[in-house]
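Heads up, query25.pdb below (PDB, N, CA and C atoms, pLDDT in the B column):
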```
ATOM      1  N   MET A   1     105.243  61.345 121.055  1.00 63.00           N
ATOM      2  CA  MET A   1     105.551  62.754 121.187  1.00 63.00           C
ATOM      3  C   MET A   1     106.947  62.995 120.607  1.00 63.00           C
ATOM      4  N   CYS A   2     107.086  64.099 119.922  1.00 79.00           N
ATOM      5  CA  CYS A   2     108.375  64.492 119.349  1.00 79.00           C
ATOM      6  C   CYS A   2     108.919  65.687 120.117  1.00 79.00           C
ATOM      7  N   VAL A   3     110.226  65.732 120.258  1.00 83.00           N
ATOM      8  CA  VAL A   3     110.869  66.796 121.019  1.00 83.00           C
ATOM      9  C   VAL A   3     111.937  67.449 120.162  1.00 83.00           C
ATOM     10  N   ALA A   4     111.991  68.770 120.187  1.00 90.00           N
ATOM     11  CA  ALA A   4     113.063  69.498 119.519  1.00 90.00           C
ATOM     12  C   ALA A   4     114.186  69.706 120.525  1.00 90.00           C
ATOM     13  N   ILE A   5     115.428  69.552 120.084  1.00 90.00           N
ATOM     14  CA  ILE A   5     116.592  69.584 120.962  1.00 90.00           C
ATOM     15  C   ILE A   5     117.500  70.758 120.586  1.00 90.00           C
ATOM     16  N   PRO A   6     118.019  71.480 121.594  1.00 95.00           N
ATOM     17  CA  PRO A   6     118.949  72.569 121.286  1.00 95.00           C
ATOM     18  C   PRO A   6     120.369  72.051 121.060  1.00 95.00           C
ATOM     19  N   GLY A   7     121.068  72.701 120.125  1.00 96.00           N
ATOM     20  CA  GLY A   7     122.459  72.360 119.842  1.00 96.00           C
ATOM     21  C   GLY A   7     123.187  73.586 119.319  1.00 96.00           C
ATOM     22  N   ARG A   8     124.463  73.406 118.959  1.00 97.00           N
ATOM     23  CA  ARG A   8     125.282  74.508 118.444  1.00 97.00           C
ATOM     24  C   ARG A   8     125.874  74.096 117.096  1.00 97.00           C
ATOM     25  N   ILE A   9     125.752  74.981 116.107  1.00 98.00           N
ATOM     26  CA  ILE A   9     126.293  74.700 114.779  1.00 98.00           C
ATOM     27  C   ILE A   9     127.815  74.796 114.828  1.00 98.00           C
ATOM     28  N   VAL A  10     128.467  73.716 114.357  1.00 98.00           N
ATOM     29  CA  VAL A  10     129.933  73.698 114.336  1.00 98.00           C
ATOM     30  C   VAL A  10     130.492  73.689 112.916  1.00 98.00           C
ATOM     31  N   GLU A  11     129.643  73.408 111.926  1.00 98.00           N
ATOM     32  CA  GLU A  11     130.103  73.387 110.542  1.00 98.00           C
ATOM     33  C   GLU A  11     128.911  73.573 109.616  1.00 98.00           C
ATOM     34  N   LEU A  12     129.140  74.282 108.505  1.00 97.00           N
ATOM     35  CA  LEU A  12     128.114  74.457 107.479  1.00 97.00           C
ATOM     36  C   LEU A  12     128.648  73.977 106.142  1.00 97.00           C
ATOM     37  N   ASN A  13     127.783  73.296 105.394  1.00 96.00           N
ATOM     38  CA  ASN A  13     128.134  72.821 104.066  1.00 96.00           C
ATOM     39  C   ASN A  13     126.884  72.938 103.200  1.00 96.00           C
ATOM     40  N   GLY A  14     126.725  74.071 102.516  1.00 94.00           N
ATOM     41  CA  GLY A  14     125.514  74.309 101.735  1.00 94.00           C
ATOM     42  C   GLY A  14     124.327  74.472 102.666  1.00 94.00           C
ATOM     43  N   THR A  15     123.306  73.644 102.455  1.00 95.00           N
ATOM     44  CA  THR A  15     122.129  73.706 103.332  1.00 95.00           C
ATOM     45  C   THR A  15     122.192  72.672 104.451  1.00 95.00           C
ATOM     46  N   LYS A  16     123.333  72.056 104.626  1.00 97.00           N
ATOM     47  CA  LYS A  16     123.519  71.085 105.716  1.00 97.00           C
ATOM     48  C   LYS A  16     124.394  71.704 106.808  1.00 97.00           C
ATOM     49  N   ALA A  17     124.066  71.417 108.042  1.00 98.00           N
ATOM     50  CA  ALA A  17     124.846  71.903 109.177  1.00 98.00           C
ATOM     51  C   ALA A  17     125.211  70.727 110.069  1.00 98.00           C
ATOM     52  N   THR A  18     126.426  70.762 110.594  1.00 98.00           N
ATOM     53  CA  THR A  18     126.795  69.815 111.634  1.00 98.00           C
ATOM     54  C   THR A  18     126.497  70.500 112.958  1.00 98.00           C
ATOM     55  N   VAL A  19     125.658  69.846 113.768  1.00 98.00           N
ATOM     56  CA  VAL A  19     125.202  70.430 115.024  1.00 98.00           C
ATOM     57  C   VAL A  19     125.731  69.582 116.174  1.00 98.00           C
ATOM     58  N   ASP A  20     126.307  70.246 117.163  1.00 97.00           N
ATOM     59  CA  ASP A  20     126.860  69.588 118.350  1.00 97.00           C
ATOM     60  C   ASP A  20     125.820  69.602 119.457  1.00 97.00           C
ATOM     61  N   PHE A  21     125.475  68.415 119.927  1.00 93.00           N
ATOM     62  CA  PHE A  21     124.562  68.236 121.054  1.00 93.00           C
ATOM     63  C   PHE A  21     125.364  67.646 122.203  1.00 93.00           C
ATOM     64  N   SER A  22     125.981  68.486 123.009  1.00 89.00           N
ATOM     65  CA  SER A  22     126.760  68.041 124.170  1.00 89.00           C
ATOM     66  C   SER A  22     127.784  66.974 123.802  1.00 89.00           C
ATOM     67  N   GLY A  23     128.515  67.191 122.712  1.00 94.00           N
ATOM     68  CA  GLY A  23     129.561  66.263 122.314  1.00 94.00           C
ATOM     69  C   GLY A  23     129.154  65.284 121.230  1.00 94.00           C
ATOM     70  N   ASN A  24     127.877  65.135 120.967  1.00 95.00           N
ATOM     71  CA  ASN A  24     127.390  64.287 119.887  1.00 95.00           C
ATOM     72  C   ASN A  24     127.077  65.172 118.692  1.00 95.00           C
ATOM     73  N   THR A  25     127.675  64.881 117.542  1.00 97.00           N
ATOM     74  CA  THR A  25     127.417  65.708 116.369  1.00 97.00           C
ATOM     75  C   THR A  25     126.490  64.987 115.397  1.00 97.00           C
ATOM     76  N   VAL A  26     125.588  65.764 114.806  1.00 96.00           N
ATOM     77  CA  VAL A  26     124.583  65.245 113.890  1.00 96.00           C
ATOM     78  C   VAL A  26     124.455  66.221 112.735  1.00 96.00           C
ATOM     79  N   GLU A  27     124.220  65.704 111.537  1.00 97.00           N
ATOM     80  CA  GLU A  27     123.970  66.570 110.392  1.00 97.00           C
ATOM     81  C   GLU A  27     122.482  66.905 110.355  1.00 97.00           C
ATOM     82  N   ALA A  28     122.172  68.200 110.169  1.00 97.00           N
ATOM     83  CA  ALA A  28     120.786  68.658 110.124  1.00 97.00           C
ATOM     84  C   ALA A  28     120.579  69.566 108.922  1.00 97.00           C
ATOM     85  N   GLU A  29     119.371  69.591 108.425  1.00 97.00           N
ATOM     86  CA  GLU A  29     119.012  70.473 107.324  1.00 97.00           C
ATOM     87  C   GLU A  29     118.949  71.909 107.841  1.00 97.00           C
ATOM     88  N   ALA A  30     119.703  72.806 107.182  1.00 96.00           N
ATOM     89  CA  ALA A  30     119.786  74.192 107.638  1.00 96.00           C
ATOM     90  C   ALA A  30     119.132  75.162 106.652  1.00 96.00           C
ATOM     91  N   GLY A  31     118.413  74.659 105.673  1.00 93.00           N
ATOM     92  CA  GLY A  31     117.861  75.512 104.640  1.00 93.00           C
ATOM     93  C   GLY A  31     116.612  76.276 105.025  1.00 93.00           C
ATOM     94  N   LEU A  32     116.020  75.969 106.177  1.00 93.00           N
ATOM     95  CA  LEU A  32     114.774  76.633 106.575  1.00 93.00           C
ATOM     96  C   LEU A  32     115.000  77.935 107.323  1.00 93.00           C
ATOM     97  N   VAL A  33     116.168  78.093 107.941  1.00 95.00           N
ATOM     98  CA  VAL A  33     116.464  79.232 108.805  1.00 95.00           C
ATOM     99  C   VAL A  33     117.853  79.760 108.465  1.00 95.00           C
ATOM    100  N   LYS A  34     118.030  81.065 108.474  1.00 95.00           N
ATOM    101  CA  LYS A  34     119.355  81.644 108.233  1.00 95.00           C
ATOM    102  C   LYS A  34     120.221  81.420 109.471  1.00 95.00           C
ATOM    103  N   VAL A  35     121.338  80.696 109.297  1.00 97.00           N
ATOM    104  CA  VAL A  35     122.203  80.341 110.427  1.00 97.00           C
ATOM    105  C   VAL A  35     123.658  80.551 110.063  1.00 97.00           C
ATOM    106  N   LYS A  36     124.506  80.567 111.103  1.00 97.00           N
ATOM    107  CA  LYS A  36     125.955  80.657 110.907  1.00 97.00           C
ATOM    108  C   LYS A  36     126.634  79.786 111.961  1.00 97.00           C
ATOM    109  N   ILE A  37     127.908  79.491 111.737  1.00 98.00           N
ATOM    110  CA  ILE A  37     128.672  78.686 112.695  1.00 98.00           C
ATOM    111  C   ILE A  37     128.656  79.394 114.045  1.00 98.00           C
ATOM    112  N   GLY A  38     128.417  78.611 115.089  1.00 98.00           N
ATOM    113  CA  GLY A  38     128.368  79.137 116.449  1.00 98.00           C
ATOM    114  C   GLY A  38     126.961  79.406 116.938  1.00 98.00           C
ATOM    115  N   ASP A  39     125.976  79.468 116.019  1.00 98.00           N
ATOM    116  CA  ASP A  39     124.589  79.720 116.440  1.00 98.00           C
ATOM    117  C   ASP A  39     124.057  78.575 117.279  1.00 98.00           C
ATOM    118  N   ARG A  40     123.272  78.921 118.275  1.00 98.00           N
ATOM    119  CA  ARG A  40     122.499  77.923 119.025  1.00 98.00           C
ATOM    120  C   ARG A  40     121.195  77.762 118.270  1.00 98.00           C
ATOM    121  N   VAL A  41     120.798  76.520 118.023  1.00 97.00           N
ATOM    122  CA  VAL A  41     119.621  76.242 117.209  1.00 97.00           C
ATOM    123  C   VAL A  41     118.772  75.148 117.843  1.00 97.00           C
ATOM    124  N   LEU A  42     117.521  75.123 117.436  1.00 96.00           N
ATOM    125  CA  LEU A  42     116.598  74.091 117.861  1.00 96.00           C
ATOM    126  C   LEU A  42     116.393  73.161 116.669  1.00 96.00           C
ATOM    127  N   VAL A  43     116.613  71.853 116.882  1.00 96.00           N
ATOM    128  CA  VAL A  43     116.535  70.867 115.804  1.00 96.00           C
ATOM    129  C   VAL A  43     115.391  69.894 116.090  1.00 96.00           C
ATOM    130  N   HIS A  44     114.560  69.705 115.073  1.00 95.00           N
ATOM    131  CA  HIS A  44     113.445  68.764 115.181  1.00 95.00           C
ATOM    132  C   HIS A  44     113.392  67.927 113.905  1.00 95.00           C
ATOM    133  N   ALA A  45     113.381  66.623 114.057  1.00 93.00           N
ATOM    134  CA  ALA A  45     113.270  65.689 112.931  1.00 93.00           C
ATOM    135  C   ALA A  45     114.334  65.951 111.873  1.00 93.00           C
ATOM    136  N   GLY A  46     115.546  66.294 112.312  1.00 94.00           N
ATOM    137  CA  GLY A  46     116.649  66.485 111.392  1.00 94.00           C
ATOM    138  C   GLY A  46     116.700  67.836 110.708  1.00 94.00           C
ATOM    139  N   CYS A  47     115.816  68.760 111.121  1.00 96.00           N
ATOM    140  CA  CYS A  47     115.782  70.098 110.525  1.00 96.00           C
ATOM    141  C   CYS A  47     115.947  71.167 111.596  1.00 96.00           C
ATOM    142  N   ILE A  48     116.753  72.168 111.290  1.00 97.00           N
ATOM    143  CA  ILE A  48     116.865  73.321 112.186  1.00 97.00           C
ATOM    144  C   ILE A  48     115.596  74.141 112.010  1.00 97.00           C
ATOM    145  N   ILE A  49     114.860  74.347 113.102  1.00 96.00           N
ATOM    146  CA  ILE A  49     113.589  75.055 112.990  1.00 96.00           C
ATOM    147  C   ILE A  49     113.651  76.478 113.537  1.00 96.00           C
ATOM    148  N   GLN A  50     114.697  76.802 114.317  1.00 96.00           N
ATOM    149  CA  GLN A  50     114.861  78.179 114.771  1.00 96.00           C
ATOM    150  C   GLN A  50     116.218  78.364 115.421  1.00 96.00           C
ATOM    151  N   THR A  51     116.666  79.611 115.434  1.00 97.00           N
ATOM    152  CA  THR A  51     117.839  79.959 116.227  1.00 97.00           C
ATOM    153  C   THR A  51     117.333  80.370 117.606  1.00 97.00           C
ATOM    154  N   MET A  52     118.234  80.355 118.577  1.00 97.00           N
ATOM    155  CA  MET A  52     117.839  80.733 119.936  1.00 97.00           C
ATOM    156  C   MET A  52     119.026  81.348 120.659  1.00 97.00           C
ATOM    157  N   SER A  53     118.731  82.084 121.698  1.00 97.00           N
ATOM    158  CA  SER A  53     119.792  82.704 122.492  1.00 97.00           C
ATOM    159  C   SER A  53     120.500  81.643 123.330  1.00 97.00           C
ATOM    160  N   ASP A  54     121.692  81.975 123.793  1.00 95.00           N
ATOM    161  CA  ASP A  54     122.414  81.064 124.686  1.00 95.00           C
ATOM    162  C   ASP A  54     121.597  80.803 125.944  1.00 95.00           C
ATOM    163  N   ASP A  55     120.960  81.841 126.483  1.00 96.00           N
ATOM    164  CA  ASP A  55     120.163  81.672 127.706  1.00 96.00           C
ATOM    165  C   ASP A  55     119.013  80.692 127.491  1.00 96.00           C
ATOM    166  N   GLU A  56     118.301  80.811 126.350  1.00 95.00           N
ATOM    167  CA  GLU A  56     117.193  79.901 126.062  1.00 95.00           C
ATOM    168  C   GLU A  56     117.691  78.469 125.918  1.00 95.00           C
ATOM    169  N   ALA A  57     118.778  78.295 125.177  1.00 94.00           N
ATOM    170  CA  ALA A  57     119.317  76.949 124.968  1.00 94.00           C
ATOM    171  C   ALA A  57     119.812  76.346 126.282  1.00 94.00           C
ATOM    172  N   ASP A  58     120.511  77.144 127.092  1.00 93.00           N
ATOM    173  CA  ASP A  58     121.004  76.649 128.382  1.00 93.00           C
ATOM    174  C   ASP A  58     119.852  76.222 129.282  1.00 93.00           C
ATOM    175  N   GLU A  59     118.775  77.006 129.280  1.00 94.00           N
ATOM    176  CA  GLU A  59     117.613  76.678 130.120  1.00 94.00           C
ATOM    177  C   GLU A  59     116.969  75.366 129.661  1.00 94.00           C
ATOM    178  N   MET A  60     116.834  75.187 128.349  1.00 92.00           N
ATOM    179  CA  MET A  60     116.260  73.931 127.845  1.00 92.00           C
ATOM    180  C   MET A  60     117.147  72.743 128.189  1.00 92.00           C
ATOM    181  N   GLU A  61     118.460  72.901 128.022  1.00 90.00           N
ATOM    182  CA  GLU A  61     119.380  71.802 128.336  1.00 90.00           C
ATOM    183  C   GLU A  61     119.309  71.439 129.820  1.00 90.00           C
ATOM    184  N   GLU A  62     119.189  72.442 130.681  1.00 92.00           N
ATOM    185  CA  GLU A  62     119.055  72.190 132.120  1.00 92.00           C
ATOM    186  C   GLU A  62     117.760  71.433 132.416  1.00 92.00           C
ATOM    187  N   LEU A  63     116.673  71.815 131.770  1.00 92.00           N
ATOM    188  CA  LEU A  63     115.405  71.105 131.970  1.00 92.00           C
ATOM    189  C   LEU A  63     115.512  69.646 131.530  1.00 92.00           C
ATOM    190  N   PHE A  64     116.169  69.388 130.396  1.00 88.00           N
ATOM    191  CA  PHE A  64     116.356  68.013 129.948  1.00 88.00           C
ATOM    192  C   PHE A  64     117.188  67.218 130.947  1.00 88.00           C
ATOM    193  N   ARG A  65     118.231  67.840 131.514  1.00 88.00           N
ATOM    194  CA  ARG A  65     119.050  67.155 132.532  1.00 88.00           C
ATOM    195  C   ARG A  65     118.209  66.820 133.764  1.00 88.00           C
ATOM    196  N   GLU A  66     117.350  67.747 134.174  1.00 91.00           N
ATOM    197  CA  GLU A  66     116.488  67.488 135.333  1.00 91.00           C
ATOM    198  C   GLU A  66     115.529  66.329 135.048  1.00 91.00           C
ATOM    199  N   ILE A  67     114.990  66.283 133.842  1.00 89.00           N
ATOM    200  CA  ILE A  67     114.075  65.195 133.480  1.00 89.00           C
ATOM    201  C   ILE A  67     114.824  63.863 133.510  1.00 89.00           C
ATOM    202  N   GLU A  68     116.057  63.832 133.001  1.00 85.00           N
ATOM    203  CA  GLU A  68     116.851  62.601 133.001  1.00 85.00           C
ATOM    204  C   GLU A  68     117.117  62.112 134.417  1.00 85.00           C
ATOM    205  N   ASP A  69     117.199  63.041 135.379  1.00 87.00           N
ATOM    206  CA  ASP A  69     117.524  62.677 136.759  1.00 87.00           C
ATOM    207  C   ASP A  69     116.318  62.163 137.541  1.00 87.00           C
ATOM    208  N   ILE A  70     115.119  62.346 137.007  1.00 87.00           N
ATOM    209  CA  ILE A  70     113.910  61.891 137.703  1.00 87.00           C
ATOM    210  C   ILE A  70     113.903  60.373 137.748  1.00 87.00           C
ATOM    211  N   GLN A  71     113.714  59.854 138.951  1.00 75.00           N
ATOM    212  CA  GLN A  71     113.624  58.397 139.114  1.00 75.00           C
ATOM    213  C   GLN A  71     112.213  58.039 139.535  1.00 75.00           C
ATOM    214  N   ILE A  72     111.655  57.101 138.805  1.00 74.00           N
ATOM    215  CA  ILE A  72     110.250  56.693 139.075  1.00 74.00           C
ATOM    216  C   ILE A  72     110.242  55.483 139.965  1.00 74.00           C
TER     217      ILE A  72
END
```
What would the structure in this file look like if it were written as structure tokens?
Amino acid sequence: MCVAIPGRIVELNGTKATVDFSGNTVEAEAGLVKVKIGDRVLVHAGCIIQTMSDDEADEMEELFREIEDIQI
């Protein structure tokens, strides 16, 4: 299963964006969606696939934190 992760764009260089995921930065392809620095985005397989509101991104990040806390 593949999961798309929310992050925030901190730098743009052509069609490449540096995206911050809670302190970890990764370069992602930004040519599929119109984006700007500061946008919250959803990244899948190294590509930005959509922009999202702060509320949507915060909710997804909270869900991921809850999943990480589950102990089997």
#### Entry: Leu32 (chain A) environment, 8 Å, all atoms listed in the file, sequence neighbours closer than 4 positions dropped, as a VMD selection string
chain A and resid 15 47 to 50
### Task
Determine the residue membership of the PyMOL selection byres ((chain A and resi 14) around 8) for the file above and supply it as a ChimeraX atom specification.
/A:11-13,15-17,29-31
Selection from above, N, CA and C atoms, as an mmCIF file, keeping the file's coordinate frame, can you write it?
```cif
data_model
loop_
_atom_site.group_PDB
_atom_site.id
_atom_site.type_symbol
_atom_site.label_atom_id
_atom_site.label_comp_id
_atom_site.auth_asym_id
_atom_site.auth_seq_id
_atom_site.Cartn_x
_atom_site.Cartn_y
_atom_site.Cartn_z
ATOM 1 N N GLU A 11 129.643 73.408 111.926
ATOM 2 C CA GLU A 11 130.103 73.387 110.542
ATOM 3 C C GLU A 11 128.911 73.573 109.616
ATOM 4 N N LEU A 12 129.140 74.282 108.505
ATOM 5 C CA LEU A 12 128.114 74.457 107.479
ATOM 6 C C LEU A 12 128.648 73.977 106.142
ATOM 7 N N ASN A 13 127.783 73.296 105.394
ATOM 8 C CA ASN A 13 128.134 72.821 104.066
ATOM 9 C C ASN A 13 126.884 72.938 103.200
ATOM 10 N N THR A 15 123.306 73.644 102.455
ATOM 11 C CA THR A 15 122.129 73.706 103.332
ATOM 12 C C THR A 15 122.192 72.672 104.451
ATOM 13 N N LYS A 16 123.333 72.056 104.626
ATOM 14 C CA LYS A 16 123.519 71.085 105.716
ATOM 15 C C LYS A 16 124.394 71.704 106.808
ATOM 16 N N ALA A 17 124.066 71.417 108.042
ATOM 17 C CA ALA A 17 124.846 71.903 109.177
ATOM 18 C C ALA A 17 125.211 70.727 110.069
ATOM 19 N N GLU A 29 119.371 69.591 108.425
ATOM 20 C CA GLU A 29 119.012 70.473 107.324
ATOM 21 C C GLU A 29 118.949 71.909 107.841
ATOM 22 N N ALA A 30 119.703 72.806 107.182
ATOM 23 C CA ALA A 30 119.786 74.192 107.638
ATOM 24 C C ALA A 30 119.132 75.162 106.652
ATOM 25 N N GLY A 31 118.413 74.659 105.673
ATOM 26 C CA GLY A 31 117.861 75.512 104.640
ATOM 27 C C GLY A 31 116.612 76.276 105.025
#
```
Determine the axis-aligned bounding box of all atoms of region 21-36 of chain A present in the file, pad each side by 8 Å, and express its centre and edge lengths in Å to one decimal place as JSON.
```
{"center_x": 122.2, "center_y": 73.0, "center_z": 114.4, "size_x": 30.8, "size_y": 33.4, "size_z": 35.5}
```
### Point-to-point distance in Å for CA of Val41 (chain A) and atom N of Ile9 (chain A)
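Going from atom N of Ile9 (chain A) over to CA of Val41 (chain A), I get 6.4 Å.
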### Distance criterion (only C-alpha atoms): nearest to Val26 (chain A) out of A:Ile5, A:Ile67, A:Asp39, A:Asp55
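Selected residue with least distance to Val26 (chain A): A:Ile5.
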#### Entry: Two-atom distance - CA of Gly23 (chain A), atom N of Thr51 (chain A) (Å)
19.8 Å
### Task
Show which residues sit within 12 Å of Asn24 (chain A), as a ChimeraX atom specification. Count only C-alpha atoms, and ignore same-chain residues fewer than 2 positions away.
/A:6-10,18-22,26-27
### Query
atom N of His44 (chain A) and atom N of Leu63 (chain A) are how many Å apart?
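Pair atom N of His44 (chain A) / atom N of Leu63 (chain A) returns 17.0 Å.
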Can you find the residues with an atom no farther than 5 Å from (113.3, 73.3, 119.5), counting all atoms listed in the file, and report them as a short mmCIF file (atom, residue, chain, number, x, y, z; two decimals) with N, CA and C atoms, keeping the file's coordinate frame?
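As a result, selection04.cif now contains:
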```cif
data_model
loop_
_atom_site.label_atom_id
_atom_site.label_comp_id
_atom_site.auth_asym_id
_atom_site.auth_seq_id
_atom_site.Cartn_x
_atom_site.Cartn_y
_atom_site.Cartn_z
N ALA A 4 111.99 68.77 120.19
CA ALA A 4 113.06 69.50 119.52
C ALA A 4 114.19 69.71 120.52
N ILE A 5 115.43 69.55 120.08
CA ILE A 5 116.59 69.58 120.96
C ILE A 5 117.50 70.76 120.59
N LEU A 42 117.52 75.12 117.44
CA LEU A 42 116.60 74.09 117.86
C LEU A 42 116.39 73.16 116.67
N VAL A 43 116.61 71.85 116.88
CA VAL A 43 116.54 70.87 115.80
C VAL A 43 115.39 69.89 116.09
#
```
### Task
Return the single residue from A:Thr25, A:Phe64, A:Lys34, A:Ile70 that is closest to Gly46 (chain A), with distances computed using only C-alpha atoms.
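Among the listed residues, A:Thr25 lies closest to Gly46 (chain A).
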Among chain A, which ones does DSSP assign to helix (DSSP H, G or I) (computed from the backbone)? Answer as a PDB file with N, CA and C atoms, in the coordinates of the input.
```pdb
ATOM      1  N   ASP A  54     121.692  81.975 123.793  1.00 95.00           N
ATOM      2  CA  ASP A  54     122.414  81.064 124.686  1.00 95.00           C
ATOM      3  C   ASP A  54     121.597  80.803 125.944  1.00 95.00           C
ATOM      4  N   ASP A  55     120.960  81.841 126.483  1.00 96.00           N
ATOM      5  CA  ASP A  55     120.163  81.672 127.706  1.00 96.00           C
ATOM      6  C   ASP A  55     119.013  80.692 127.491  1.00 96.00           C
ATOM      7  N   GLU A  56     118.301  80.811 126.350  1.00 95.00           N
ATOM      8  CA  GLU A  56     117.193  79.901 126.062  1.00 95.00           C
ATOM      9  C   GLU A  56     117.691  78.469 125.918  1.00 95.00           C
ATOM     10  N   ALA A  57     118.778  78.295 125.177  1.00 94.00           N
ATOM     11  CA  ALA A  57     119.317  76.949 124.968  1.00 94.00           C
ATOM     12  C   ALA A  57     119.812  76.346 126.282  1.00 94.00           C
ATOM     13  N   ASP A  58     120.511  77.144 127.092  1.00 93.00           N
ATOM     14  CA  ASP A  58     121.004  76.649 128.382  1.00 93.00           C
ATOM     15  C   ASP A  58     119.852  76.222 129.282  1.00 93.00           C
ATOM     16  N   GLU A  59     118.775  77.006 129.280  1.00 94.00           N
ATOM     17  CA  GLU A  59     117.613  76.678 130.120  1.00 94.00           C
ATOM     18  C   GLU A  59     116.969  75.366 129.661  1.00 94.00           C
ATOM     19  N   MET A  60     116.834  75.187 128.349  1.00 92.00           N
ATOM     20  CA  MET A  60     116.260  73.931 127.845  1.00 92.00           C
ATOM     21  C   MET A  60     117.147  72.743 128.189  1.00 92.00           C
ATOM     22  N   GLU A  61     118.460  72.901 128.022  1.00 90.00           N
ATOM     23  CA  GLU A  61     119.380  71.802 128.336  1.00 90.00           C
ATOM     24  C   GLU A  61     119.309  71.439 129.820  1.00 90.00           C
ATOM     25  N   GLU A  62     119.189  72.442 130.681  1.00 92.00           N
ATOM     26  CA  GLU A  62     119.055  72.190 132.120  1.00 92.00           C
ATOM     27  C   GLU A  62     117.760  71.433 132.416  1.00 92.00           C
ATOM     28  N   LEU A  63     116.673  71.815 131.770  1.00 92.00           N
ATOM     29  CA  LEU A  63     115.405  71.105 131.970  1.00 92.00           C
ATOM     30  C   LEU A  63     115.512  69.646 131.530  1.00 92.00           C
ATOM     31  N   PHE A  64     116.169  69.388 130.396  1.00 88.00           N
ATOM     32  CA  PHE A  64     116.356  68.013 129.948  1.00 88.00           C
ATOM     33  C   PHE A  64     117.188  67.218 130.947  1.00 88.00           C
ATOM     34  N   ARG A  65     118.231  67.840 131.514  1.00 88.00           N
ATOM     35  CA  ARG A  65     119.050  67.155 132.532  1.00 88.00           C
ATOM     36  C   ARG A  65     118.209  66.820 133.764  1.00 88.00           C
ATOM     37  N   GLU A  66     117.350  67.747 134.174  1.00 91.00           N
ATOM     38  CA  GLU A  66     116.488  67.488 135.333  1.00 91.00           C
ATOM     39  C   GLU A  66     115.529  66.329 135.048  1.00 91.00           C
ATOM     40  N   ILE A  67     114.990  66.283 133.842  1.00 89.00           N
ATOM     41  CA  ILE A  67     114.075  65.195 133.480  1.00 89.00           C
ATOM     42  C   ILE A  67     114.824  63.863 133.510  1.00 89.00           C
ATOM     43  N   GLU A  68     116.057  63.832 133.001  1.00 85.00           N
ATOM     44  CA  GLU A  68     116.851  62.601 133.001  1.00 85.00           C
ATOM     45  C   GLU A  68     117.117  62.112 134.417  1.00 85.00           C
ATOM     46  N   ASP A  69     117.199  63.041 135.379  1.00 87.00           N
ATOM     47  CA  ASP A  69     117.524  62.677 136.759  1.00 87.00           C
ATOM     48  C   ASP A  69     116.318  62.163 137.541  1.00 87.00           C
TER      49      ASP A  69
END
```
